[in-house]
$ cat data_22.txt   # compact mmCIF, C-alpha atoms and all ligand atoms
# COMPACT_ATOMS: atom_id res chain seq x y z
CA MET A 1 228.12 176.75 -14.25
CA SER A 2 226.05 178.11 -17.08
CA ALA A 3 222.32 177.92 -17.66
CA GLU A 4 222.85 177.13 -21.37
CA THR A 5 224.69 173.87 -20.76
CA PRO A 6 222.43 170.94 -21.26
CA LEU A 7 223.76 168.37 -18.74
CA VAL A 8 221.75 167.59 -15.61
CA LEU A 9 222.73 165.31 -12.74
CA VAL A 10 219.63 163.54 -11.40
CA LEU A 11 219.69 162.14 -7.88
CA ASN A 12 217.12 159.82 -6.36
CA ALA A 13 218.09 159.16 -2.74
CA GLY A 14 216.25 156.39 -0.88
CA SER A 15 216.68 155.36 2.75
CA SER A 16 219.79 153.26 2.09
CA SER A 17 220.21 153.71 -1.65
CA LEU A 18 221.10 156.33 -4.21
CA LYS A 19 220.33 156.24 -7.92
CA TYR A 20 222.01 158.79 -10.13
CA GLN A 21 222.16 159.68 -13.78
CA LEU A 22 224.07 162.30 -15.75
CA LEU A 23 222.12 163.12 -18.87
CA GLU A 24 221.28 165.62 -21.56
CA PRO A 25 217.58 166.44 -21.26
CA ASP A 26 217.11 167.54 -24.88
CA SER A 27 218.55 164.48 -26.56
CA ALA A 28 217.86 162.08 -23.63
CA ARG A 29 221.47 160.97 -24.03
CA VAL A 30 222.76 159.38 -20.81
CA THR A 31 226.46 160.01 -20.10
CA ALA A 32 226.59 157.87 -16.99
CA GLU A 33 224.36 156.25 -14.43
CA GLY A 34 224.75 154.39 -11.21
CA LEU A 35 223.18 152.78 -8.20
CA VAL A 36 224.55 152.70 -4.67
CA GLU A 37 222.95 150.23 -2.27
CA ARG A 38 223.29 149.40 1.42
CA ILE A 39 224.52 152.89 2.35
CA GLY A 40 225.35 152.93 6.07
CA GLU A 41 225.87 149.17 6.28
CA PRO A 42 229.31 147.62 6.76
CA VAL A 43 229.55 146.78 3.05
CA SER A 44 227.92 149.07 0.52
CA VAL A 45 227.86 148.39 -3.22
CA ILE A 46 228.24 150.90 -6.03
CA ASN A 47 227.47 150.07 -9.62
CA HIS A 48 228.56 152.76 -12.10
CA GLU A 49 228.10 152.63 -15.87
CA GLN A 50 229.82 155.04 -18.17
CA GLY A 51 231.09 154.90 -21.73
CA GLY A 52 230.03 151.28 -22.14
CA ALA A 53 232.03 150.18 -19.07
CA GLU A 54 230.50 148.95 -15.83
CA THR A 55 232.31 149.31 -12.49
CA VAL A 56 231.11 147.43 -9.44
CA GLU A 57 232.80 148.12 -6.09
CA GLU A 58 232.10 146.95 -2.58
CA LEU A 59 233.21 149.34 0.14
CA HIS A 60 231.92 151.05 3.27
CA LEU A 61 229.92 154.18 2.52
CA PRO A 62 228.70 155.54 5.86
CA ASP A 63 226.20 158.05 4.47
CA HIS A 64 224.76 159.62 1.31
CA ARG A 65 227.45 162.26 1.21
CA ALA A 66 230.09 159.54 1.06
CA ALA A 67 228.03 157.77 -1.62
CA ILE A 68 227.83 160.89 -3.80
CA ALA A 69 231.54 161.58 -3.24
CA LYS A 70 232.31 158.01 -4.35
CA ALA A 71 230.12 158.39 -7.42
CA MET A 72 231.99 161.61 -8.25
CA GLU A 73 235.26 159.74 -7.91
CA LEU A 74 234.04 157.13 -10.41
CA PHE A 75 232.85 159.87 -12.77
CA ALA A 76 236.37 161.35 -12.58
CA ALA A 77 237.97 157.94 -13.17
CA HIS A 78 235.97 157.81 -16.42
CA GLY A 79 237.15 161.27 -17.45
CA THR A 80 234.27 163.39 -16.10
CA ASP A 81 235.24 165.70 -13.27
CA LEU A 82 231.78 166.80 -12.09
CA THR A 83 233.20 169.82 -10.24
CA ARG A 84 234.47 171.11 -13.60
CA THR A 85 231.66 169.85 -15.81
CA PRO A 86 229.24 172.65 -16.59
CA LEU A 87 226.03 171.23 -15.17
CA CYS A 88 222.89 173.32 -15.52
CA ALA A 89 221.24 171.69 -12.50
CA VAL A 90 221.14 168.84 -10.05
CA GLY A 91 217.59 167.47 -10.23
CA HIS A 92 216.39 165.79 -7.04
CA ARG A 93 213.48 163.42 -6.81
CA VAL A 94 211.57 164.43 -3.70
CA VAL A 95 208.72 162.13 -2.78
CA HIS A 96 206.32 164.37 -0.85
CA GLY A 97 205.71 168.06 -1.43
CA GLY A 98 202.60 168.32 0.76
CA ARG A 99 200.17 171.13 -0.15
CA SER A 100 202.81 173.82 -0.50
CA LEU A 101 205.41 172.33 -2.88
CA TYR A 102 204.31 170.88 -6.19
CA ALA A 103 205.93 172.65 -9.14
CA PRO A 104 209.64 171.96 -9.77
CA THR A 105 211.36 174.25 -7.24
CA LEU A 106 214.78 175.84 -6.98
CA ILE A 107 216.23 174.62 -3.71
CA ASP A 108 217.13 177.17 -1.05
CA GLN A 109 217.07 177.03 2.74
CA HIS A 110 213.35 177.85 2.83
CA VAL A 111 212.58 174.89 0.52
CA ILE A 112 214.77 172.58 2.59
CA ASP A 113 212.93 173.67 5.76
CA GLU A 114 209.59 173.08 4.04
CA ILE A 115 210.56 169.57 2.84
CA GLU A 116 211.62 168.85 6.42
CA ARG A 117 208.32 170.19 7.77
CA ILE A 118 206.41 167.91 5.39
CA ALA A 119 208.57 164.88 6.28
CA PRO A 120 206.03 163.38 8.75
CA LEU A 121 203.78 162.75 5.71
CA ALA A 122 206.54 160.61 4.13
CA PRO A 123 208.84 159.53 6.96
CA LEU A 124 210.58 156.84 4.91
CA HIS A 125 211.21 159.02 1.88
CA ASN A 126 211.62 162.74 2.51
CA PRO A 127 214.47 162.47 5.06
CA PRO A 128 216.80 160.58 2.65
CA ASN A 129 215.78 162.96 -0.17
CA LEU A 130 216.95 165.83 2.05
CA VAL A 131 220.22 164.09 2.82
CA GLY A 132 220.81 163.79 -0.95
CA ILE A 133 220.05 167.50 -1.40
CA GLU A 134 222.43 168.54 1.35
CA ALA A 135 225.19 166.23 0.12
CA ALA A 136 224.89 167.61 -3.43
CA GLN A 137 224.96 171.18 -2.12
CA ALA A 138 228.15 170.44 -0.20
CA LEU A 139 229.89 168.69 -3.08
CA LEU A 140 228.60 170.81 -5.98
CA PRO A 141 227.96 174.17 -4.28
CA ASN A 142 227.80 176.20 -7.50
CA VAL A 143 225.21 174.10 -9.29
CA PRO A 144 221.54 175.01 -8.71
CA GLY A 145 219.51 172.21 -7.13
CA VAL A 146 215.94 171.62 -8.30
CA ALA A 147 213.41 169.54 -6.38
CA VAL A 148 210.90 167.64 -8.51
CA PHE A 149 208.05 166.22 -6.46
CA ASP A 150 206.48 162.80 -6.90
CA THR A 151 203.22 164.32 -5.72
CA GLY A 152 203.43 167.34 -8.07
CA PHE A 153 201.55 165.94 -11.07
CA PHE A 154 198.53 165.21 -8.88
CA HIS A 155 198.45 168.58 -7.14
CA GLY A 156 195.24 169.62 -8.88
CA LEU A 157 193.27 166.41 -8.19
CA PRO A 158 189.63 167.36 -7.78
CA ASP A 159 188.35 167.24 -4.20
CA VAL A 160 186.00 164.34 -4.98
CA SER A 161 189.01 162.08 -5.39
CA ALA A 162 191.47 163.91 -3.11
CA ARG A 163 189.32 164.22 0.03
CA TYR A 164 188.97 161.41 2.51
CA ALA A 165 185.44 161.09 3.81
CA ILE A 166 186.46 161.87 7.37
CA ASP A 167 185.96 164.87 9.66
CA ARG A 168 186.53 167.90 7.42
CA LYS A 169 188.18 170.09 10.02
CA LEU A 170 190.59 167.39 11.08
CA SER A 171 191.67 166.70 7.53
CA ASP A 172 192.03 170.40 6.78
CA ASP A 173 194.01 171.09 9.96
CA TYR A 174 196.48 168.30 9.26
CA ALA A 175 196.52 168.42 5.44
CA LEU A 176 195.14 164.86 5.34
CA ARG A 177 194.18 164.12 1.76
CA ARG A 178 195.07 161.96 -1.20
CA TYR A 179 198.28 163.31 -2.76
CA GLY A 180 199.27 160.54 -5.19
CA PHE A 181 202.82 159.45 -6.03
CA HIS A 182 204.90 158.32 -9.04
CA GLY A 183 203.79 161.66 -10.52
CA THR A 184 206.86 162.12 -12.72
CA SER A 185 206.25 158.70 -14.25
CA HIS A 186 202.52 159.28 -14.86
CA ASP A 187 203.36 162.70 -16.32
CA TYR A 188 206.11 161.39 -18.62
CA VAL A 189 204.25 158.27 -19.74
CA SER A 190 200.91 159.97 -20.45
CA HIS A 191 202.62 162.68 -22.53
CA ARG A 192 204.73 160.12 -24.36
CA ALA A 193 201.62 158.00 -25.06
CA ALA A 194 199.72 160.93 -26.58
CA GLU A 195 202.78 161.97 -28.60
CA PHE A 196 203.35 158.39 -29.82
CA LEU A 197 199.77 158.19 -31.11
CA GLY A 198 199.86 161.72 -32.51
CA ARG A 199 197.01 162.86 -30.27
CA ASP A 200 196.39 166.15 -28.54
CA TYR A 201 197.24 165.60 -24.85
CA ASP A 202 194.61 168.06 -23.66
CA ALA A 203 191.88 166.31 -25.62
CA THR A 204 192.74 162.76 -24.57
CA ASN A 205 191.38 160.62 -21.72
CA GLN A 206 193.96 158.21 -20.38
CA ILE A 207 194.57 155.57 -17.73
CA VAL A 208 198.19 154.88 -16.78
CA ALA A 209 199.15 151.76 -14.81
CA HIS A 210 202.64 152.18 -13.30
CA LEU A 211 203.46 148.67 -12.08
CA GLY A 212 206.93 148.40 -10.53
CA ASN A 213 207.96 147.52 -6.99
CA GLY A 214 205.56 150.26 -6.03
CA ALA A 215 202.42 150.39 -8.16
CA SER A 216 199.86 153.07 -8.89
CA MET A 217 197.20 153.90 -11.44
CA SER A 218 196.01 157.29 -12.64
CA ALA A 219 193.02 158.58 -14.56
CA ILE A 220 193.64 161.65 -16.73
CA ALA A 221 190.65 163.46 -18.26
CA ALA A 222 191.41 165.84 -21.13
CA GLY A 223 195.02 166.18 -19.96
CA ARG A 224 194.11 166.72 -16.29
CA PRO A 225 194.78 164.08 -13.60
CA VAL A 226 191.44 163.35 -11.94
CA ASP A 227 192.22 160.30 -9.86
CA THR A 228 195.08 158.14 -8.67
CA SER A 229 195.33 155.05 -6.53
CA MET A 230 197.92 156.18 -3.95
CA GLY A 231 196.79 158.47 -1.18
CA LEU A 232 198.20 160.38 1.77
CA THR A 233 201.10 157.93 1.60
CA PRO A 234 202.26 155.43 -1.04
CA LEU A 235 200.48 152.61 0.85
CA GLU A 236 197.03 152.99 -0.67
CA GLY A 237 195.73 151.34 -3.82
CA LEU A 238 197.11 148.45 -5.81
CA VAL A 239 198.88 145.33 -4.54
CA MET A 240 202.66 145.99 -4.73
CA GLY A 241 205.93 144.19 -4.04
CA THR A 242 205.88 144.62 -0.26
CA ARG A 243 202.82 146.86 0.24
CA GLY A 244 199.29 145.51 0.20
CA GLY A 245 197.44 148.57 -1.01
CA ASP A 246 193.81 149.00 0.05
CA ILE A 247 192.71 147.44 3.31
CA ASP A 248 189.88 148.01 5.74
CA PRO A 249 191.23 150.64 8.21
CA GLY A 250 189.50 148.58 10.90
CA LEU A 251 192.23 145.99 10.39
CA LEU A 252 194.70 148.41 12.01
CA PHE A 253 192.65 148.64 15.25
CA HIS A 254 192.39 144.88 15.26
CA LEU A 255 196.15 144.46 14.87
CA LYS A 256 196.73 146.84 17.74
CA ARG A 257 193.97 145.78 20.13
CA VAL A 258 193.71 142.07 19.48
CA VAL A 259 197.08 141.02 18.05
CA GLY A 260 198.96 143.47 20.30
CA MET A 261 201.13 145.02 17.60
CA SER A 262 202.65 148.47 18.12
CA VAL A 263 202.22 151.29 15.60
CA ASP A 264 205.80 150.67 14.44
CA ASP A 265 205.07 146.93 14.02
CA ILE A 266 202.01 147.77 11.91
CA ASP A 267 203.98 150.30 9.87
CA HIS A 268 206.59 147.63 9.15
CA LEU A 269 203.91 145.06 8.31
CA LEU A 270 202.18 147.35 5.83
CA ASN A 271 205.36 148.69 4.20
CA LYS A 272 207.59 145.61 4.17
CA ARG A 273 205.65 142.42 4.88
CA SER A 274 202.59 142.83 2.74
CA GLY A 275 201.76 142.74 -0.97
CA LEU A 276 203.31 139.90 -2.98
CA LYS A 277 205.94 139.44 -0.26
CA GLY A 278 203.34 139.02 2.44
CA LEU A 279 201.23 136.68 0.35
CA CYS A 280 203.89 134.34 -0.99
CA GLY A 281 207.23 135.30 0.57
CA GLU A 282 208.70 136.99 -2.52
CA ASN A 283 208.31 140.54 -3.77
CA ASP A 284 210.20 140.28 -7.06
CA PHE A 285 207.66 139.66 -9.78
CA ARG A 286 210.00 137.46 -11.80
CA THR A 287 210.48 135.15 -8.81
CA VAL A 288 206.73 135.04 -8.21
CA THR A 289 206.25 134.05 -11.86
CA GLU A 290 208.82 131.26 -11.51
CA MET A 291 207.09 130.03 -8.35
CA ILE A 292 203.75 129.92 -10.17
CA ALA A 293 205.34 127.92 -13.00
CA ALA A 294 206.65 125.49 -10.37
CA GLY A 295 203.12 125.01 -9.00
CA ASP A 296 203.32 127.18 -5.86
CA ALA A 297 199.72 127.76 -4.73
CA ALA A 298 200.48 130.83 -2.56
CA ALA A 299 202.29 132.53 -5.46
CA GLN A 300 199.33 131.78 -7.74
CA GLU A 301 196.94 133.28 -5.23
CA ALA A 302 199.18 136.35 -4.81
CA TYR A 303 199.06 136.81 -8.59
CA ASP A 304 195.28 136.40 -8.67
CA ILE A 305 194.82 139.01 -5.93
CA TYR A 306 197.21 141.37 -7.74
CA ILE A 307 195.15 141.03 -10.93
CA HIS A 308 191.81 141.25 -9.10
CA ARG A 309 192.81 144.60 -7.58
CA LEU A 310 194.06 145.93 -10.92
CA ARG A 311 190.76 145.01 -12.59
CA GLY A 312 188.85 146.79 -9.85
CA TYR A 313 190.79 150.01 -10.45
CA PHE A 314 190.47 149.71 -14.23
CA GLY A 315 186.72 149.33 -13.76
CA ALA A 316 186.53 152.38 -11.50
CA TYR A 317 188.58 154.60 -13.80
CA LEU A 318 186.80 153.47 -16.98
CA VAL A 319 183.53 154.51 -15.38
CA GLU A 320 185.02 157.74 -14.04
CA LEU A 321 186.39 158.78 -17.43
CA GLU A 322 183.25 157.60 -19.29
CA GLN A 323 185.33 157.33 -22.45
CA THR A 324 188.93 156.17 -22.31
CA ASP A 325 191.13 156.79 -25.34
CA ILE A 326 194.39 155.26 -24.10
CA ILE A 327 195.41 152.77 -21.41
CA THR A 328 199.18 152.54 -20.87
CA PHE A 329 201.23 150.02 -18.91
CA THR A 330 204.64 151.04 -17.61
CA ALA A 331 207.46 150.26 -15.09
CA GLY A 332 209.17 146.89 -14.45
CA VAL A 333 206.07 144.69 -14.31
CA GLY A 334 203.92 146.75 -16.67
CA GLU A 335 206.62 146.87 -19.34
CA ASN A 336 207.65 143.23 -19.10
CA ALA A 337 204.90 140.99 -17.77
CA ALA A 338 202.63 140.28 -20.77
CA SER A 339 200.41 138.03 -18.62
CA VAL A 340 199.59 140.91 -16.24
CA ARG A 341 198.56 143.11 -19.16
CA ALA A 342 196.47 140.35 -20.73
CA ASP A 343 194.83 139.15 -17.50
CA SER A 344 194.05 142.59 -16.08
CA LEU A 345 192.24 143.60 -19.29
CA ALA A 346 190.79 140.20 -20.23
CA ARG A 347 187.10 139.88 -21.18
CA MET A 348 186.61 143.62 -21.54
CA SER A 349 185.56 143.75 -25.18
CA ARG A 350 182.10 144.89 -24.11
CA PHE A 351 183.85 147.97 -22.68
CA GLY A 352 185.73 148.54 -25.95
CA ILE A 353 189.04 147.00 -24.87
CA GLU A 354 190.67 144.11 -26.72
CA ILE A 355 194.26 142.98 -26.31
CA ASP A 356 196.00 141.48 -29.34
CA GLU A 357 197.83 138.39 -28.12
CA GLN A 358 200.68 138.61 -30.63
CA ARG A 359 201.28 142.33 -30.19
CA ASN A 360 201.21 141.85 -26.42
CA ALA A 361 203.90 139.16 -26.65
CA VAL A 362 206.39 141.46 -28.43
CA ARG A 363 209.36 142.41 -26.25
CA SER A 364 210.79 145.84 -26.91
CA ARG A 365 212.11 148.92 -25.14
CA GLU A 366 210.08 151.17 -27.43
CA PRO A 367 206.49 152.38 -27.00
CA ARG A 368 204.10 149.97 -28.69
CA VAL A 369 200.41 149.24 -29.24
CA ILE A 370 199.12 145.96 -27.77
CA SER A 371 195.40 146.30 -28.51
CA THR A 372 193.63 145.08 -31.64
CA ASP A 373 192.74 147.49 -34.41
CA ALA A 374 189.07 147.05 -33.44
CA SER A 375 189.67 148.02 -29.79
CA ARG A 376 188.00 151.41 -29.09
CA THR A 377 190.57 152.10 -26.37
CA THR A 378 194.16 151.91 -27.57
CA VAL A 379 196.28 149.94 -25.12
CA LEU A 380 200.01 150.73 -25.04
CA VAL A 381 203.22 149.76 -23.33
CA VAL A 382 205.42 152.82 -22.80
CA PRO A 383 208.72 152.47 -20.92
CA THR A 384 208.88 155.08 -18.17
CA ASN A 385 211.84 157.41 -17.70
CA GLU A 386 211.56 159.35 -14.47
CA GLU A 387 215.16 160.56 -14.63
CA LEU A 388 214.61 162.13 -18.05
CA GLU A 389 211.44 163.82 -16.85
CA ILE A 390 213.20 165.18 -13.74
CA ALA A 391 216.12 166.40 -15.89
CA ARG A 392 213.75 168.13 -18.34
CA GLN A 393 211.77 169.80 -15.59
CA ALA A 394 214.96 170.89 -13.78
CA LYS A 395 216.47 172.32 -16.95
CA ALA A 396 213.23 174.07 -17.90
CA LEU A 397 213.17 175.77 -14.50
CA VAL A 398 216.79 176.97 -14.43
CA THR A 399 216.69 178.21 -18.02
CA SER A 400 213.27 179.89 -17.81
P1 LIG B 501 211.04 150.35 -8.94
O1 LIG B 501 211.57 151.40 -9.89
O2 LIG B 501 209.72 150.68 -8.32
O3 LIG B 501 212.04 149.82 -7.98
P2 LIG B 501 210.78 148.72 -11.32
O4 LIG B 501 209.92 149.60 -12.17
O5 LIG B 501 212.19 148.52 -11.69
O6 LIG B 501 210.64 149.10 -9.80
O7 LIG B 501 210.05 147.28 -11.28
C1 LIG B 501 210.56 146.24 -10.54
C2 LIG B 501 209.65 145.05 -10.72
O8 LIG B 501 209.58 144.71 -12.12
C3 LIG B 501 210.14 143.82 -10.00
O9 LIG B 501 209.08 143.18 -9.34
C4 LIG B 501 210.64 142.95 -11.12
O10 LIG B 501 210.53 141.57 -10.85
C5 LIG B 501 209.70 143.32 -12.25
N1 LIG B 501 210.27 142.92 -13.53
C6 LIG B 501 211.41 143.36 -14.10
N2 LIG B 501 211.66 142.69 -15.24
C7 LIG B 501 210.65 141.79 -15.40
C8 LIG B 501 210.31 140.80 -16.36
N3 LIG B 501 211.08 140.58 -17.42
N4 LIG B 501 209.18 140.08 -16.18
C9 LIG B 501 208.39 140.27 -15.10
N5 LIG B 501 208.65 141.21 -14.15
C10 LIG B 501 209.75 141.94 -14.29
$ encode --input "data_22.txt" --output "structure tokens"
Amino acid sequence: MSAETPLVLVLNAGSSSLKYQLLEPDSARVTAEGLVERIGEPVSVINHEQGGAETVEELHLPDHRAAIAKAMELFAAHGTDLTRTPLCAVGHRVVHGGRSLYAPTLIDQHVIDEIERIAPLAPLHNPPNLVGIEAAQALLPNVPGVAVFDTGFFHGLPDVSARYAIDRKLSDDYALRRYGFHGTSHDYVSHRAAEFLGRDYDATNQIVAHLGNGASMSAIAAGRPVDTSMGLTPLEGLVMGTRGGDIDPGLLFHLKRVVGMSVDDIDHLLNKRSGLKGLCGENDFRTVTEMIAAGDAAAQEAYDIYIHRLRGYFGAYLVELEQTDIITFTAGVGENAASVRADSLARMSRFGIEIDEQRNAVRSREPRVISTDASRTTVLVVPTNEELEIARQAKALVTS
């Protein structure tokens, strides 16, 4: 292990999945990447790509430690023994850092205890993140681990957007506030957007729409995040694949008192059976698009609601920022679905926003402008790269 070596292993452990990437933060060169799914089920699947070759294996991986060990085996089979490769860090995506953890943090027992203490704020996410951390520590004991928090970018949100308008003492006692998520993506994409346009980040007002399976929007004023659509948990805000975003909290009492659902039932409903999935039975945006093309009325309505909510947030953030220099779309839907970009910003020329139909139709993996030259706000598509951002932040910390 040496702090000078540029390689970082990035781990993103979900409840039954693990994404990993071995990369060089300075050049963004990816040596290998992989995805393990269905960890803990009878048949797990690992997909590993390295040196232009793709390996797919089905086998039983009982836990995340077994999944990481298997990934290490595949690295070795491709000529990279991770225990002998000089890694400068293992960068871990950790979803919730609460009030206490926000900057990239060197992992020690105190940090592990703190992530565990915060886990009730993100019960679906922090526990698997911890399992990934502990598995990496066991298998790569000499490599420093760095936690990079999804909430970190939004740590300094002003109270007007971070506070819920509920009893002040209660929210202070229990750290109930809007934290925001997808922070590494909003951070990476907003910096990349300013760099791409040759603008000073700290003098630019931006809106970023991260539209993937999860979806969130942020407003950044003069380089400082001032609002974001996700809240205490990643349930608030936009319509997503399986999450419905904003609802009247009164709906929850109704589901409990009148429908007779338990808290766990409601949790499942809001996390897994809502959003596009709840509205039309499918959460994958490509499938929803195919259903619309085939005349499916529920899919069309799901799309319309998705767009309606996006327009509402654009409206709110345009007013909040007063002047918006850049709007950027990113993540699976934002990068690929031209109709979402066009429909969510349609008929906004009076607000200085005009999408150029031809530019918007271009397919590319590079950052690109999709607004007209006359548009006062420049609208971009910028592919996100959370792994690269985590690797950069991890390297910066261990070499500082
Ligand atoms: P996450 O990282 O949150 O799992 P992604 O950013 O990969 O999600 O986004 C996944 C979403 O992007 C899915 O709904 C998928 O259908 C959508 N998507 C991917 N490619 C396309 C495409 N070509 N057209 C429309 N939607 C797409």
$ residues_around --input "data_22.txt" --residues "segment 373-375 of chain A" --least-positions-apart "4" --cutoff "6 Å" --atoms "all atoms listed in the file" --output "list of chain:residue names"
A:Gly352, A:Ile353, A:Glu354
$ write_last_selection --input "data_22.txt" --atoms "C-alpha atoms" --output "short mmCIF file (atom, residue, chain, number, x, y, z; two decimals), keeping the file's coordinate frame"
data_model
loop_
_atom_site.label_atom_id
_atom_site.label_comp_id
_atom_site.auth_asym_id
_atom_site.auth_seq_id
_atom_site.Cartn_x
_atom_site.Cartn_y
_atom_site.Cartn_z
CA GLY A 352 185.73 148.54 -25.95
CA ILE A 353 189.04 147.00 -24.87
CA GLU A 354 190.67 144.11 -26.72
#
$ axis_aligned_box --input "data_22.txt" --around "ligand LIG 501 (chain B)" --padding-each-side "5 Å" --output "lines of an AutoDock Vina configuration file"
center_x = 210.3
center_y = 145.7
center_z = -12.7
size_x = 13.8
size_y = 21.3
size_z = 19.4
$ residues_near_point --input "data_22.txt" --point "(185.0, 162.9, -6.2)" --cutoff "12 Å" --atoms "all atoms listed in the file" --output "list in words"
Leu157, Pro158, Asp159, Val160, Ser161, Ala162, Arg163, Tyr164, Ala165, Arg178, Val226, Asp227, Thr228, Ala316, Tyr317 and Glu320 of chain A
$ closest_atom_pairs --input "data_22.txt" --of "chain A" --to "ligand LIG 501 (chain B)" --cutoff "6 Å" --atoms "all atoms listed in the file" --output "tab-separated table"
residue	atom	partner	partner_atom	distance
A:Gly212	CA	B:LIG501	O7	3.4
A:Asn213	CA	B:LIG501	O2	3.9
A:Gly214	CA	B:LIG501	O2	4.8
A:Asp284	CA	B:LIG501	O9	3.9
A:Phe285	CA	B:LIG501	O10	3.6
A:Arg286	CA	B:LIG501	O10	4.3
A:Ala331	CA	B:LIG501	O4	3.9
A:Gly332	CA	B:LIG501	O8	3.2
A:Val333	CA	B:LIG501	O8	4.1
A:Asn336	CA	B:LIG501	C8	4.5
A:Ala337	CA	B:LIG501	C9	4.5
$ closest_residue --input "data_22.txt" --among "A:Phe253, A:Phe154, A:Tyr201, A:Tyr20" --to "Ser185 of chain A" --atoms "all atoms listed in the file"
A:Phe154
$ closest_residue --input "data_22.txt" --among "A:Arg117, A:Arg273, A:Arg341, A:Arg224" --to "Gly245 of chain A" --atoms "all atoms listed in the file"
A:Arg273
$ residues_near_point --input "data_22.txt" --point "(203.8, 132.1, 0.8)" --cutoff "9 Å" --atoms "all atoms listed in the file" --output "PyMOL selection string"
chain A and resi 276-282+296-299+302
$ write_last_selection --input "data_22.txt" --atoms "C-alpha atoms" --output "compact mmCIF listing (two decimals), in the coordinates of the input"
# COMPACT_ATOMS: atom_id res chain seq x y z
CA LEU A 276 203.31 139.90 -2.98
CA LYS A 277 205.94 139.44 -0.26
CA GLY A 278 203.34 139.02 2.44
CA LEU A 279 201.23 136.68 0.35
CA CYS A 280 203.89 134.34 -0.99
CA GLY A 281 207.23 135.30 0.57
CA GLU A 282 208.70 136.99 -2.52
CA ASP A 296 203.32 127.18 -5.86
CA ALA A 297 199.72 127.76 -4.73
CA ALA A 298 200.48 130.83 -2.56
CA ALA A 299 202.29 132.53 -5.46
CA ALA A 302 199.18 136.35 -4.81
$ residues_around --input "data_22.txt" --residues "His78 of chain A" --least-positions-apart "2" --cutoff "12 Å" --atoms "only C-alpha atoms" --output "ChimeraX atom specification"
/A:31-33,48-55,71-76,80-82
$ atom_distance --input "data_22.txt" --atom1 "atom CA of Gly237 of chain A" --atom2 "atom CA of Pro128 of chain A"
23.9 Å
$ atom_distance --input "data_22.txt" --atom1 "atom CA of Glu366 of chain A" --atom2 "atom CA of Ala346 of chain A"
23.3 Å
$ atom_distance --input "data_22.txt" --atom1 "atom CA of Ile292 of chain A" --atom2 "atom CA of Val379 of chain A"
26.1 Å
$ closest_residue --input "data_22.txt" --among "A:Val95, A:Leu11, A:Ile220, A:Val259" --to "Gly152 of chain A" --atoms "only C-alpha atoms"
A:Val95
$ closest_residue --input "data_22.txt" --among "A:Leu345, A:Leu23, A:Ala215, A:Val111" --to "Pro6 of chain A" --atoms "only C-alpha atoms"
A:Leu23
$ closest_residue --input "data_22.txt" --among "A:Ser229, A:Ser216, A:Ser274, A:Asn47" --to "Gly334 of chain A" --atoms "only C-alpha atoms"
A:Ser216
$ residues_around --input "data_22.txt" --residues "Ala222 of chain A" --least-positions-apart "5" --cutoff "12 Å" --atoms "all atoms listed in the file" --output "list in words"
Ser190, His191, Ala194, Arg199, Asp200, Tyr201, Asp202, Ala203, Thr204, Asn205, Gln206, Ile207, Leu321, Glu322, Gln323, Thr324, Asp325 and Ile326 of chain A
$ write_last_selection --input "data_22.txt" --atoms "C-alpha atoms" --output "compact mmCIF listing (two decimals), keeping the file's coordinate frame"
# COMPACT_ATOMS: atom_id res chain seq x y z
CA SER A 190 200.91 159.97 -20.45
CA HIS A 191 202.62 162.68 -22.53
CA ALA A 194 199.72 160.93 -26.58
CA ARG A 199 197.01 162.86 -30.27
CA ASP A 200 196.39 166.15 -28.54
CA TYR A 201 197.24 165.60 -24.85
CA ASP A 202 194.61 168.06 -23.66
CA ALA A 203 191.88 166.31 -25.62
CA THR A 204 192.74 162.76 -24.57
CA ASN A 205 191.38 160.62 -21.72
CA GLN A 206 193.96 158.21 -20.38
CA ILE A 207 194.57 155.57 -17.73
CA LEU A 321 186.39 158.78 -17.43
CA GLU A 322 183.25 157.60 -19.29
CA GLN A 323 185.33 157.33 -22.45
CA THR A 324 188.93 156.17 -22.31
CA ASP A 325 191.13 156.79 -25.34
CA ILE A 326 194.39 155.26 -24.10
$ closest_residue --input "data_22.txt" --among "A:Ser16, A:Ser371, A:Ser100, A:Ser262" --to "Tyr179 of chain A" --atoms "all atoms listed in the file"
A:Ser100
$ residues_around --input "data_22.txt" --residues "Ile133 of chain A" --least-positions-apart "2" --cutoff "9 Å" --atoms "all atoms listed in the file" --output "list in words"
Leu11, Ala13, Val90, His92, Ile107, Ile112, Pro128, Asn129, Leu130, Val131, Ala135, Ala136, Gln137, Ala138, Gly145 and Ala147 of chain A
